[in-house]
Amino acid sequence: MKDDDLRRRLRGAAYLHRPDRERMRARVERGMSGREVPAAHRDHRPAMSWLRVVSTTASVAGLFAVGGYAVASAVSDEDPRPQTVATTTAPVAAPTTPSATPEPRRTSRPPAPPTPRPTRTPHTQRPSVTPESEPSPSPSAADLLWADGSIDPGSSSQWAQSNVTVKAKKPLTSLSVELRIARTGGVADTGNWRSLPSEDFDVSVDEDDGFLVYRWSLRPGRTVPAGAHVFAGQYNHAEGQRDAGDDVYAVEAAAAGSPVERDDVRGDFAPTSD
């Protein structure tokens, strides 16, 4: 018989073994009590009764030892199995309803005064610093003068007229208009005119640093009425459409008052191409 078979049978026998404890206990008791013997023989056989008790006890102990050894051998050779522990779920106690809150005991001690909270020092707002603004222009800069430069629609492929339109919002006691035409593409003066009376202005035509320059200056003691007025310079140029992108103008004016209102406007012409 192989060792594995022996172990298997021992494990099975140990598992199925159910010792009869009642029978063992009865046997031990019988051994201890002994049988009734005649009085004549009692003095001669006390040693036999005790020997029987000891033998019976030893046999019972040996039986338990053999059984325990068999179980221990069978269990020690077997792989350990996870132990299952039976647990008993204890009933969950129902939540107890809290009893009514007892009323606080009244004491004769006065309540402690509330601790004062630290007060915050109000934040002093710094005055906003306003950046220094440029000096506002006099009323004349917004109310006295307006000007614009344009090419007259009557211009042709070889001749052109550049107009400077001045709008005076008040009567002017001083007015100077300057028109500068770039000397490109054979530009040459052919004349000039203005919508105001000719006797009120001094007119000049010059060449300066590559420009054909027209100037109109209001004579002393004369007045320009409020409204729109045109100052024009006329000139020939090379065949084709001339580009006026380099042409500029400047207007200076003043109106009677206390103090005297003054204004000036500068601008250019829209560039043109073929």
# chains A, B, ... in the order shown; residues from 1 in each chain; ligands from 1

call {"tool": "residues_around", "arguments": {"residues": "A:Arg219", "least_positions_apart": "3", "cutoff": "12 Å", "atoms": "only C-alpha atoms", "output": "ChimeraX atom specification"}}
result
/A:172-176,197-203,216,222-224

call {"tool": "atom_distance", "arguments": {"atom1": "atom CA of A:Gly149", "atom2": "atom CA of A:Gly257"}}
result
28.4 Å

call {"tool": "select_by_dssp", "arguments": {"residues": "stretch 194-274 of chain A", "states": "strand (DSSP E or B)", "output": "PDB file with C-alpha atoms, in the first residue's frame"}}
result
ATOM      1  CA  ARG A 194     -11.522 132.434 -55.764  1.00  0.00           C
ATOM      2  CA  PHE A 201      -7.159 139.437 -51.491  1.00  0.00           C
ATOM      3  CA  ASP A 202      -3.512 139.629 -52.400  1.00  0.00           C
ATOM      4  CA  VAL A 203      -2.556 136.688 -54.685  1.00  0.00           C
ATOM      5  CA  SER A 204       0.882 135.237 -55.448  1.00  0.00           C
ATOM      6  CA  VAL A 205       2.184 132.258 -57.472  1.00  0.00           C
ATOM      7  CA  ASP A 206       5.713 130.965 -56.825  1.00  0.00           C
ATOM      8  CA  GLU A 207       7.880 127.877 -57.120  1.00  0.00           C
ATOM      9  CA  ASP A 208       9.349 126.529 -53.913  1.00  0.00           C
ATOM     10  CA  PHE A 211       6.170 122.816 -55.637  1.00  0.00           C
ATOM     11  CA  LEU A 212       4.032 125.295 -57.506  1.00  0.00           C
ATOM     12  CA  VAL A 213       2.708 127.506 -54.663  1.00  0.00           C
ATOM     13  CA  TYR A 214      -0.502 129.579 -54.727  1.00  0.00           C
ATOM     14  CA  ARG A 215      -1.202 132.051 -51.871  1.00  0.00           C
ATOM     15  CA  TRP A 216      -4.324 134.130 -51.074  1.00  0.00           C
ATOM     16  CA  SER A 217      -4.176 136.634 -48.206  1.00  0.00           C
ATOM     17  CA  LEU A 218      -7.089 138.743 -46.967  1.00  0.00           C
ATOM     18  CA  VAL A 224     -14.764 137.210 -45.022  1.00  0.00           C
ATOM     19  CA  GLY A 227     -20.048 130.352 -45.177  1.00  0.00           C
ATOM     20  CA  ALA A 228     -18.247 128.189 -47.766  1.00  0.00           C
ATOM     21  CA  HIS A 229     -15.639 129.741 -50.051  1.00  0.00           C
ATOM     22  CA  VAL A 230     -13.439 128.203 -52.799  1.00  0.00           C
ATOM     23  CA  PHE A 231      -9.820 128.973 -53.710  1.00  0.00           C
ATOM     24  CA  ALA A 232      -8.492 127.261 -56.891  1.00  0.00           C
ATOM     25  CA  GLY A 233      -5.144 126.847 -58.650  1.00  0.00           C
ATOM     26  CA  GLN A 234      -5.035 125.884 -62.346  1.00  0.00           C
ATOM     27  CA  TYR A 235      -2.164 124.219 -64.219  1.00  0.00           C
ATOM     28  CA  ASN A 236      -1.178 122.056 -67.157  1.00  0.00           C
ATOM     29  CA  VAL A 248      -1.079 119.814 -49.792  1.00  0.00           C
ATOM     30  CA  TYR A 249      -2.844 122.894 -48.448  1.00  0.00           C
ATOM     31  CA  ALA A 250      -2.870 125.101 -45.320  1.00  0.00           C
ATOM     32  CA  VAL A 251      -5.479 127.580 -44.029  1.00  0.00           C
ATOM     33  CA  GLU A 252      -5.094 130.092 -41.187  1.00  0.00           C
ATOM     34  CA  ALA A 253      -7.917 132.324 -39.944  1.00  0.00           C
ATOM     35  CA  ALA A 254      -8.979 134.622 -37.131  1.00  0.00           C
ATOM     36  CA  ALA A 255     -12.258 136.135 -35.989  1.00  0.00           C
ATOM     37  CA  GLU A 261     -10.306 133.516 -31.973  1.00  0.00           C
ATOM     38  CA  ARG A 262      -7.707 131.842 -34.178  1.00  0.00           C
ATOM     39  CA  ASP A 263      -7.702 128.560 -36.074  1.00  0.00           C
ATOM     40  CA  ASP A 264      -5.653 126.727 -38.705  1.00  0.00           C
ATOM     41  CA  VAL A 265      -6.316 123.641 -40.815  1.00  0.00           C
ATOM     42  CA  ARG A 266      -3.834 121.577 -42.873  1.00  0.00           C
ATOM     43  CA  GLY A 267      -4.535 118.692 -45.232  1.00  0.00           C
ATOM     44  CA  ASP A 268      -3.752 116.939 -48.494  1.00  0.00           C
TER      45      ASP A 268
END

call {"tool": "atom_distance", "arguments": {"atom1": "atom CA of A:Thr165", "atom2": "atom CA of A:Asp209"}}
result
24.5 Å

call {"tool": "closest_residue", "arguments": {"among": "A:Asp4, A:Glu239, A:Asp247, A:Asp189", "to": "A:Ser150", "atoms": "only C-alpha atoms"}}
result
A:Asp247

call {"tool": "closest_residue", "arguments": {"among": "A:Leu6, A:Ala256, A:Ala182, A:Ala270", "to": "A:Asp148", "atoms": "only C-alpha atoms"}}
result
A:Ala270

call {"tool": "closest_residue", "arguments": {"among": "A:Lys169, A:Gly154, A:Trp193, A:Ile181", "to": "A:Gly210", "atoms": "only C-alpha atoms"}}
result
A:Ile181

call {"tool": "residues_around", "arguments": {"residues": "A:Trp159", "least_positions_apart": "3", "cutoff": "12 Å", "atoms": "only C-alpha atoms", "output": "ChimeraX atom specification"}}
result
/A:151-156,162,185-191,233-242
